[in-house]
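Data file: work23.tsv. Format and content: TSV, C-alpha atoms.
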chain	number	residue	atom	x	y	z
A	1	MET	CA	1.71	-22.18	0.32
A	2	GLU	CA	-0.73	-22.47	3.22
A	3	THR	CA	-3.53	-24.82	4.22
A	4	THR	CA	-7.04	-23.44	4.62
A	5	ALA	CA	-9.61	-24.48	7.23
A	6	THR	CA	-11.00	-27.00	4.76
A	7	GLY	CA	-7.62	-28.68	4.50
A	8	THR	CA	-6.93	-27.56	0.93
A	9	ALA	CA	-3.71	-25.83	0.03
A	10	GLN	CA	-3.70	-22.36	-1.45
A	11	PRO	CA	-0.79	-20.20	-2.61
A	12	GLY	CA	0.09	-16.95	-0.98
A	13	LEU	CA	-1.75	-13.78	-1.92
A	14	GLU	CA	1.13	-12.58	-4.08
A	15	ALA	CA	1.05	-15.71	-6.23
A	16	ALA	CA	-2.76	-15.70	-6.43
A	17	LEU	CA	-2.84	-12.09	-7.58
A	18	ARG	CA	-0.05	-12.69	-10.08
A	19	ALA	CA	-2.00	-15.57	-11.64
A	20	THR	CA	-5.20	-13.53	-11.84
A	21	GLU	CA	-3.31	-10.57	-13.27
A	22	THR	CA	-2.08	-12.83	-16.08
A	23	ARG	CA	-5.66	-13.95	-16.82
A	24	VAL	CA	-6.91	-10.38	-16.84
A	25	GLU	CA	-4.17	-9.38	-19.25
A	26	ALA	CA	-5.30	-12.18	-21.58
A	27	ALA	CA	-8.88	-10.89	-21.39
A	28	GLN	CA	-7.66	-7.38	-22.13
A	29	ARG	CA	-5.95	-8.64	-25.30
A	30	GLU	CA	-9.22	-10.22	-26.42
A	31	ALA	CA	-11.03	-6.96	-25.64
A	32	ALA	CA	-8.52	-5.07	-27.78
A	33	THR	CA	-9.20	-7.48	-30.65
A	34	VAL	CA	-12.96	-6.88	-30.32
A	35	GLY	CA	-12.33	-3.14	-30.41
A	36	ARG	CA	-10.16	-3.36	-33.51
A	37	GLU	CA	-12.69	-5.48	-35.43
A	38	LEU	CA	-15.58	-3.22	-34.47
A	39	LYS	CA	-13.57	-0.23	-35.62
A	40	LYS	CA	-13.08	-1.95	-38.97
A	41	ALA	CA	-16.79	-2.75	-39.15
A	42	ARG	CA	-17.75	0.86	-38.46
A	43	SER	CA	-15.39	2.11	-41.14
A	44	ALA	CA	-16.74	-0.44	-43.64
A	45	ALA	CA	-20.33	0.48	-42.82
A	46	ALA	CA	-19.56	4.18	-43.21
A	47	GLY	CA	-18.02	3.59	-46.61
A	48	GLY	CA	-20.42	0.91	-47.81
A	49	GLN	CA	-17.73	-1.79	-48.13
A	50	VAL	CA	-20.22	-4.58	-47.50
A	51	ARG	CA	-17.83	-7.52	-47.86
A	52	ASP	CA	-15.38	-5.97	-45.43
A	53	LEU	CA	-18.28	-5.19	-43.11
A	54	ARG	CA	-19.42	-8.82	-42.97
A	55	ARG	CA	-15.90	-10.06	-42.35
A	56	ALA	CA	-15.28	-7.51	-39.59
A	57	LEU	CA	-18.59	-8.23	-37.85
A	58	ALA	CA	-17.94	-11.97	-37.95
A	59	ALA	CA	-14.42	-11.46	-36.57
A	60	ALA	CA	-15.75	-9.13	-33.85
A	61	ASN	CA	-18.37	-11.70	-32.83
A	62	GLU	CA	-15.76	-14.46	-32.66
A	63	ALA	CA	-13.41	-12.26	-30.64
A	64	ALA	CA	-16.29	-11.30	-28.32
A	65	GLN	CA	-16.91	-14.99	-27.58
A	66	SER	CA	-13.21	-15.42	-26.82
A	67	LEU	CA	-13.38	-12.33	-24.60
A	68	ALA	CA	-16.34	-13.74	-22.67
A	69	GLN	CA	-14.45	-16.99	-22.08
A	70	ALA	CA	-11.30	-15.13	-21.03
A	71	ALA	CA	-13.31	-13.00	-18.60
A	72	LYS	CA	-14.85	-16.13	-17.07
A	73	GLU	CA	-11.41	-17.69	-16.69
A	74	ALA	CA	-10.13	-14.49	-15.07
A	75	GLN	CA	-13.00	-14.53	-12.59
A	76	ALA	CA	-12.51	-18.22	-11.84
A	77	SER	CA	-8.77	-17.75	-11.36
A	78	TYR	CA	-9.29	-15.72	-8.19
A	79	SER	CA	-10.75	-18.11	-5.65
A	80	PHE	CA	-8.36	-17.03	-2.92
A	81	ASP	CA	-9.70	-16.87	0.64
A	82	GLU	CA	-8.18	-13.57	1.69
A	83	THR	CA	-10.32	-13.37	4.83
A	84	ASP	CA	-8.78	-16.52	6.27
A	85	HIS	CA	-5.34	-15.54	4.98
A	86	LEU	CA	-5.45	-12.20	6.81
A	87	ALA	CA	-7.03	-13.50	10.01
A	88	SER	CA	-4.79	-16.57	10.40
A	89	GLY	CA	-1.52	-14.66	10.44
A	90	ALA	CA	-0.43	-16.19	7.12
A	91	TYR	CA	-0.58	-12.80	5.42
A	92	ALA	CA	1.72	-11.24	8.04
A	93	ARG	CA	4.18	-14.09	7.50
A	94	GLU	CA	3.98	-13.54	3.75
A	95	LEU	CA	4.74	-9.84	4.22
A	96	LEU	CA	7.74	-10.73	6.37
A	97	ASP	CA	9.03	-13.10	3.68
A	98	GLU	CA	8.44	-10.55	0.92
A	99	ALA	CA	10.27	-7.86	2.90
A	100	ALA	CA	13.20	-10.20	3.56
A	101	ALA	CA	13.43	-11.04	-0.14
A	102	ALA	CA	13.52	-7.32	-0.93
A	103	GLY	CA	16.23	-6.68	1.67
A	104	LEU	CA	13.86	-4.66	3.86
A	105	ALA	CA	14.12	-5.19	7.61
A	106	MET	CA	10.75	-6.03	9.18
A	107	VAL	CA	9.92	-7.72	12.48
A	108	GLU	CA	6.72	-8.87	14.13
A	109	ASP	CA	5.80	-7.36	17.50
A	110	ASP	CA	2.52	-8.51	19.04
A	111	ASP	CA	-0.23	-7.43	16.63
A	112	ARG	CA	2.02	-5.13	14.61
A	113	LEU	CA	4.74	-5.37	12.02
A	114	LEU	CA	7.59	-2.95	12.58
A	115	CYS	CA	9.41	-1.69	9.52
A	116	TYR	CA	11.32	1.49	10.28
A	117	PRO	CA	9.83	4.04	10.43
A	118	SER	CA	6.41	2.49	9.80
A	119	LEU	CA	4.05	0.55	12.06
A	120	VAL	CA	1.75	-1.86	10.24
A	121	ARG	CA	-1.39	-3.60	11.54
A	122	VAL	CA	-3.43	-6.12	9.59
A	123	LEU	CA	-7.14	-5.27	9.70
A	124	SER	CA	-8.50	-8.66	8.71
A	125	GLY	CA	-12.15	-7.73	9.21
A	126	ASP	CA	-11.81	-4.81	6.81
A	127	ALA	CA	-9.48	-6.42	4.25
A	128	ALA	CA	-7.05	-3.55	4.77
A	129	LEU	CA	-3.87	-2.46	6.51
A	130	ASP	CA	-3.27	0.30	8.99
A	131	ILE	CA	0.07	1.87	8.10
A	132	ASP	CA	0.97	4.67	10.47
A	133	ARG	CA	-2.75	5.32	11.10
A	134	ARG	CA	-3.60	5.46	7.41
A	135	ARG	CA	-5.97	2.92	5.90
A	136	GLU	CA	-4.36	1.05	3.01
A	137	ARG	CA	-6.43	-1.31	0.85
A	138	ARG	CA	-3.65	-2.31	-1.51
A	139	LEU	CA	-2.77	-5.70	-0.01
A	140	ARG	CA	-0.47	-7.25	-2.60
A	141	PRO	CA	2.68	-8.02	-0.57
A	142	SER	CA	5.13	-6.73	-3.18
A	143	VAL	CA	3.18	-3.46	-3.40
A	144	VAL	CA	3.06	-3.06	0.40
A	145	VAL	CA	6.79	-3.70	0.68
A	146	GLY	CA	7.35	-1.08	-2.01
A	147	LEU	CA	5.30	1.44	-0.04
A	148	LEU	CA	7.25	0.69	3.13
A	149	ALA	CA	10.59	0.95	1.32
A	150	ALA	CA	9.56	4.34	-0.08
A	151	ALA	CA	8.59	5.52	3.42
A	152	GLN	CA	11.95	4.35	4.71
A	153	ALA	CA	13.80	6.27	2.01
A	154	ARG	CA	12.09	9.57	2.90
A	155	PRO	CA	13.73	11.80	5.55
A	156	PRO	CA	12.04	11.50	8.97
A	157	LYS	CA	9.39	14.10	9.67
A	158	GLY	CA	10.50	16.83	12.03
A	159	LYS	CA	8.79	15.65	15.22
A	160	SER	CA	11.90	15.40	17.38
A	161	GLU	CA	11.83	18.89	18.89
A	162	ALA	CA	8.11	18.68	19.67
A	163	LEU	CA	8.52	15.27	21.31
A	164	LEU	CA	11.50	16.50	23.32
A	165	GLU	CA	9.49	19.41	24.71
A	166	SER	CA	6.52	17.14	25.50
A	167	LEU	CA	8.79	14.67	27.26
A	168	ALA	CA	10.37	17.46	29.30
A	169	ALA	CA	6.95	18.76	30.36
A	170	ALA	CA	5.77	15.28	31.43
A	171	TYR	CA	9.09	14.73	33.21
A	172	GLU	CA	8.76	17.97	35.19
A	173	LEU	CA	5.28	16.94	36.29
A	174	LEU	CA	6.46	13.61	37.71
A	175	ALA	CA	9.93	14.66	38.87
A	176	GLY	CA	8.42	16.95	41.49
A	177	ARG	CA	7.30	13.89	43.44
A	178	HIS	CA	10.93	12.83	43.99
A	179	ASP	CA	13.31	14.17	46.62
A	180	ARG	CA	16.47	13.94	44.57
A	181	ALA	CA	17.35	16.20	41.67
A	182	ASP	CA	17.08	14.97	38.07
A	183	PRO	CA	15.64	11.52	38.90
A	184	VAL	CA	15.56	8.81	36.27
A	185	LEU	CA	11.93	8.26	35.31
A	186	ARG	CA	10.47	5.37	33.36
A	187	LEU	CA	9.35	6.24	29.87
A	188	ASP	CA	6.14	4.25	30.15
A	189	ALA	CA	5.17	6.53	33.06
A	190	LEU	CA	5.85	9.58	30.90
A	191	TRP	CA	3.74	8.04	28.13
A	192	GLN	CA	0.87	7.72	30.59
A	193	VAL	CA	1.14	11.44	31.34
A	194	LEU	CA	1.24	12.27	27.63
A	195	THR	CA	-1.91	10.20	27.02
A	196	MET	CA	-4.00	11.22	30.03
A	197	LEU	CA	-6.93	12.54	28.02
A	198	PRO	CA	-9.76	10.05	27.28
A	199	GLY	CA	-8.95	8.02	24.19
A	200	ALA	CA	-5.45	9.48	23.86
A	201	ALA	CA	-3.77	6.13	24.54
A	202	ARG	CA	-5.56	4.68	21.52
A	203	GLU	CA	-4.55	7.66	19.40
A	204	TYR	CA	-0.90	7.44	20.47
A	205	SER	CA	0.06	3.88	21.33
A	206	LYS	CA	3.19	2.66	23.09
A	207	PRO	CA	4.64	1.21	19.84
A	208	GLU	CA	4.25	4.64	18.23
A	209	PHE	CA	5.85	6.27	21.26
A	210	ALA	CA	8.77	3.83	21.11
A	211	ARG	CA	9.22	4.51	17.39
A	212	ASP	CA	9.26	8.27	18.02
A	213	LEU	CA	11.77	7.84	20.84
A	214	TYR	CA	14.10	6.09	18.42
A	215	LEU	CA	13.68	8.90	15.88
A	216	LEU	CA	14.41	11.42	18.65
A	217	ASP	CA	17.44	9.41	19.72
A	218	GLN	CA	18.75	9.31	16.16
A	219	SER	CA	18.14	13.03	15.58
A	220	GLY	CA	20.64	14.08	18.23
A	221	THR	CA	18.15	16.64	19.58
A	222	VAL	CA	18.78	16.61	23.33
A	223	THR	CA	18.48	20.20	24.62
A	224	THR	CA	15.12	21.80	25.37
A	225	ARG	CA	14.28	25.44	24.80
A	226	SER	CA	14.73	25.99	28.53
A	227	GLY	CA	18.25	24.53	28.40
A	228	ARG	CA	17.62	21.14	29.99
A	229	THR	CA	19.48	18.17	28.54
A	230	LEU	CA	17.89	14.78	27.86
A	231	ARG	CA	19.67	11.56	28.79
A	232	PHE	CA	18.44	8.07	28.03
A	233	HIS	CA	18.94	5.40	30.71
A	234	ALA	CA	18.87	1.65	30.17
A	235	SER	CA	17.00	-0.85	32.30
A	236	SER	CA	19.00	-3.24	34.44
A	237	GLY	CA	17.46	-6.14	32.48
A	238	THR	CA	16.39	-6.67	28.89
A	239	ARG	CA	12.91	-7.63	30.10
A	240	GLY	CA	12.52	-5.14	32.89
A	241	ALA	CA	9.19	-3.55	33.69
A	242	GLY	CA	8.37	-0.59	31.50
A	243	LEU	CA	10.71	-1.57	28.69
A	244	LEU	CA	9.69	-0.13	25.32
A	245	THR	CA	10.92	-1.73	22.11
A	246	THR	CA	10.99	-0.71	18.48
A	247	VAL	CA	13.04	-1.58	15.41
A	248	ALA	CA	15.89	0.32	13.81
A	249	LYS	CA	16.37	0.81	10.09
A	250	THR	CA	18.82	-2.11	10.16
A	251	GLY	CA	16.18	-4.37	11.71
A	252	GLN	CA	17.89	-4.48	15.09
A	253	GLN	CA	15.66	-4.18	18.13
A	254	GLN	CA	15.97	-0.90	20.04
A	255	ARG	CA	15.02	-0.76	23.73
A	256	TYR	CA	14.13	2.28	25.78
A	257	TRP	CA	13.39	2.38	29.49
A	258	GLY	CA	14.10	5.64	31.30
A	259	VAL	CA	15.18	9.26	30.88
A	260	SER	CA	16.35	12.19	32.93
A	261	PHE	CA	16.60	15.91	32.21
A	262	SER	CA	19.35	17.96	33.78
A	263	THR	CA	20.64	21.52	33.61
A	264	ARG	CA	24.24	20.46	34.02

Could you rewrite the structure in this file as structure tokens?
Amino acid sequence: METTATGTAQPGLEAALRATETRVEAAQREAATVGRELKKARSAAAGGQVRDLRRALAAANEAAQSLAQAAKEAQASYSFDETDHLASGAYARELLDEAAAAGLAMVEDDDRLLCYPSLVRVLSGDAALDIDRRRERRLRPSVVVGLLAAAQARPPKGKSEALLESLAAAYELLAGRHDRADPVLRLDALWQVLTMLPGAAREYSKPEFARDLYLLDQSGTVTTRSGRTLRFHASSGTRGAGLLTTVAKTGQQQRYWGVSFSTR
């Protein structure tokens, strides 16, 4: 339950949609009754059974009035202010609660919700979600959680080798500026190299980079085609500059800071 800008309380989107769904189902039952009575009337008219025809038409008319009332009640049942719900952050909180109830680990990180391996953004102005750069207009929390759970159950896509090679190329570009061999370089600096082209940083954000680093880390893929070996290095502090964070399948926060590539 949340309070709107007018001070009135409204249920969450899940509850509002459930209530409207129930009303629509009632209207559908009335519509089925209208259909049945009209079918009887057509059969009676075709056969000339005039008494049956009158009864069926009267029943169809009565059912049609009930259908009209049920449709009005269904329309009136959905007075939910989804625009405010999405923009206020209440919807994100509802998604977090729904995920927790379903046993699905989800955490909030700035303007995103992290639910391994998916990144979710609420697009309040468009009444939609951005899930891994795909527009999703199904907003019912239980449905969204189901979609995220299905994504989590699928095997990770094979991006690890491609990311490893891209990381190694960016590393070689920056490592040449250092005097010592195999220096430890910050991952946010490598991300900047990977997203140098105009607009690339928007197309491949830091949260996406952090998520892909975790997938690479979990894959065990550490040796490039040229034989160089990747090593992850932790920051000296949990809030050090350049720290990248994502969420594991268990819901635990994963932090990445630096890497090195060596031939040893």

May I have the residues within 10 Å of stretch 109-115 of chain A as JSON, numbers by chain, using all atoms listed in the file and disregarding those fewer than 3 positions away in the same chain? {"A": [89, 92, 93, 95, 96, 99, 104, 105, 106, 118, 119, 120, 121, 122, 130, 131, 145, 148, 149, 151, 152, 207, 211, 245, 246, 247, 248, 249, 250, 251, 253]}

Please indicate the distance in Å from atom CA of A:Ala90 to atom CA of A:Glu136, rounded to one decimal place. 18.2 Å

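Atom to atom, atom CA of A:His85 and atom CA of A:Gly103 stand 23.6 Å apart.
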
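If you measure from each of A:Ala128, A:Leu194, A:Ala169, A:Ala76 to A:Arg225 using all atoms listed in the file, the closest one turns out to be A:Ala169.
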
Shortest contact to A:Glu165, candidates A:Ala45, A:Ala27, A:Ala64, A:Val222, atoms counted all atoms listed in the file, goes to A:Val222

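Separating atom CA of A:Gln218 from atom CA of A:His178 is a distance of 29.1 Å.
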
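Distances to A:Ala41 were evaluated for A:Arg18, A:Arg177, A:Arg55, A:Lys72 using only C-alpha atoms, and the minimum falls at A:Arg55.
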
Taking 2 positions as the minimum chain separation for residues in the same chain, which residues sit within 10 Å of A:Val259 when counting only C-alpha atoms? Answer as a PyMOL selection string. chain A and resi 167-168+171+182-187+190+230-234+256-257+261

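Each of A:Ala58, A:Ala32, A:Val24, A:Val107 was checked against A:Ala70 using only C-alpha atoms; the smallest atom-to-atom distance is that of A:Val24.
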
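Of the residues listed (A:Gly242, A:Thr229, A:Ala201, A:Phe80), A:Gly242 shows the shortest atom-to-atom separation from A:Asp188; distances use only C-alpha atoms.
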
So which residues fall inside 12 Å of (-13.6, -3.2, -32.6) if we count all atoms listed in the file? Mind giving them as a PyMOL selection string? chain A and resi 29-44+53+56-64

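If all atoms listed in the file are the atoms counted, then among A:Ala150, A:Leu213, A:Leu139, A:Leu13 the closest residue to A:Ser166 is A:Leu213.
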
Is there a way to complete stretch 87-108 of chain A with N, CA and C atoms and then write that out as a PDB file, in the coordinates of the input?
ATOM      1  N   ALA A  87      -6.707 -13.240   8.608  1.00  0.00           N
ATOM      2  CA  ALA A  87      -7.030 -13.500  10.010  1.00  0.00           C
ATOM      3  C   ALA A  87      -6.109 -14.538  10.646  1.00  0.00           C
ATOM      4  N   SER A  88      -5.584 -15.465   9.854  1.00  0.00           N
ATOM      5  CA  SER A  88      -4.790 -16.570  10.400  1.00  0.00           C
ATOM      6  C   SER A  88      -3.358 -16.195  10.737  1.00  0.00           C
ATOM      7  N   GLY A  89      -2.916 -15.045  10.248  1.00  0.00           N
ATOM      8  CA  GLY A  89      -1.520 -14.660  10.440  1.00  0.00           C
ATOM      9  C   GLY A  89      -0.643 -15.027   9.258  1.00  0.00           C
ATOM     10  N   ALA A  90      -1.217 -15.778   8.295  1.00  0.00           N
ATOM     11  CA  ALA A  90      -0.430 -16.190   7.120  1.00  0.00           C
ATOM     12  C   ALA A  90      -0.029 -14.979   6.279  1.00  0.00           C
ATOM     13  N   TYR A  91      -0.903 -13.991   6.215  1.00  0.00           N
ATOM     14  CA  TYR A  91      -0.580 -12.800   5.420  1.00  0.00           C
ATOM     15  C   TYR A  91       0.603 -12.053   6.051  1.00  0.00           C
ATOM     16  N   ALA A  92       0.602 -11.918   7.363  1.00  0.00           N
ATOM     17  CA  ALA A  92       1.720 -11.240   8.040  1.00  0.00           C
ATOM     18  C   ALA A  92       3.026 -11.976   7.758  1.00  0.00           C
ATOM     19  N   ARG A  93       2.970 -13.311   7.796  1.00  0.00           N
ATOM     20  CA  ARG A  93       4.180 -14.090   7.500  1.00  0.00           C
ATOM     21  C   ARG A  93       4.625 -13.886   6.046  1.00  0.00           C
ATOM     22  N   GLU A  94       3.641 -13.778   5.152  1.00  0.00           N
ATOM     23  CA  GLU A  94       3.980 -13.540   3.750  1.00  0.00           C
ATOM     24  C   GLU A  94       4.633 -12.179   3.564  1.00  0.00           C
ATOM     25  N   LEU A  95       4.120 -11.179   4.284  1.00  0.00           N
ATOM     26  CA  LEU A  95       4.740  -9.840   4.220  1.00  0.00           C
ATOM     27  C   LEU A  95       6.179  -9.878   4.741  1.00  0.00           C
ATOM     28  N   LEU A  96       6.387 -10.597   5.826  1.00  0.00           N
ATOM     29  CA  LEU A  96       7.740 -10.730   6.370  1.00  0.00           C
ATOM     30  C   LEU A  96       8.677 -11.369   5.360  1.00  0.00           C
ATOM     31  N   ASP A  97       8.208 -12.419   4.692  1.00  0.00           N
ATOM     32  CA  ASP A  97       9.030 -13.100   3.680  1.00  0.00           C
ATOM     33  C   ASP A  97       9.304 -12.184   2.494  1.00  0.00           C
ATOM     34  N   GLU A  98       8.287 -11.454   2.069  1.00  0.00           N
ATOM     35  CA  GLU A  98       8.440 -10.550   0.920  1.00  0.00           C
ATOM     36  C   GLU A  98       9.433  -9.434   1.260  1.00  0.00           C
ATOM     37  N   ALA A  99       9.342  -8.909   2.482  1.00  0.00           N
ATOM     38  CA  ALA A  99      10.270  -7.860   2.900  1.00  0.00           C
ATOM     39  C   ALA A  99      11.702  -8.394   2.949  1.00  0.00           C
ATOM     40  N   ALA A 100      11.869  -9.605   3.483  1.00  0.00           N
ATOM     41  CA  ALA A 100      13.200 -10.200   3.560  1.00  0.00           C
ATOM     42  C   ALA A 100      13.791 -10.386   2.169  1.00  0.00           C
ATOM     43  N   ALA A 101      12.957 -10.833   1.229  1.00  0.00           N
ATOM     44  CA  ALA A 101      13.430 -11.040  -0.140  1.00  0.00           C
ATOM     45  C   ALA A 101      13.844  -9.724  -0.791  1.00  0.00           C
ATOM     46  N   ALA A 102      13.202  -8.640  -0.378  1.00  0.00           N
ATOM     47  CA  ALA A 102      13.520  -7.320  -0.930  1.00  0.00           C
ATOM     48  C   ALA A 102      14.639  -6.627  -0.167  1.00  0.00           C
ATOM     49  N   GLY A 103      15.162  -7.278   0.873  1.00  0.00           N
ATOM     50  CA  GLY A 103      16.230  -6.680   1.670  1.00  0.00           C
ATOM     51  C   GLY A 103      15.738  -5.592   2.596  1.00  0.00           C
ATOM     52  N   LEU A 104      14.451  -5.656   2.971  1.00  0.00           N
ATOM     53  CA  LEU A 104      13.860  -4.660   3.860  1.00  0.00           C
ATOM     54  C   LEU A 104      13.647  -5.273   5.235  1.00  0.00           C
ATOM     55  N   ALA A 105      14.219  -4.655   6.248  1.00  0.00           N
ATOM     56  CA  ALA A 105      14.120  -5.190   7.610  1.00  0.00           C
ATOM     57  C   ALA A 105      12.704  -4.991   8.155  1.00  0.00           C
ATOM     58  N   MET A 106      12.084  -6.081   8.592  1.00  0.00           N
ATOM     59  CA  MET A 106      10.750  -6.030   9.180  1.00  0.00           C
ATOM     60  C   MET A 106      10.671  -7.090  10.261  1.00  0.00           C
ATOM     61  N   VAL A 107      10.066  -6.753  11.396  1.00  0.00           N
ATOM     62  CA  VAL A 107       9.920  -7.720  12.480  1.00  0.00           C
ATOM     63  C   VAL A 107       8.485  -7.680  12.980  1.00  0.00           C
ATOM     64  N   GLU A 108       8.062  -8.772  13.577  1.00  0.00           N
ATOM     65  CA  GLU A 108       6.720  -8.870  14.130  1.00  0.00           C
ATOM     66  C   GLU A 108       6.772  -8.563  15.623  1.00  0.00           C
TER      67      GLU A 108
END
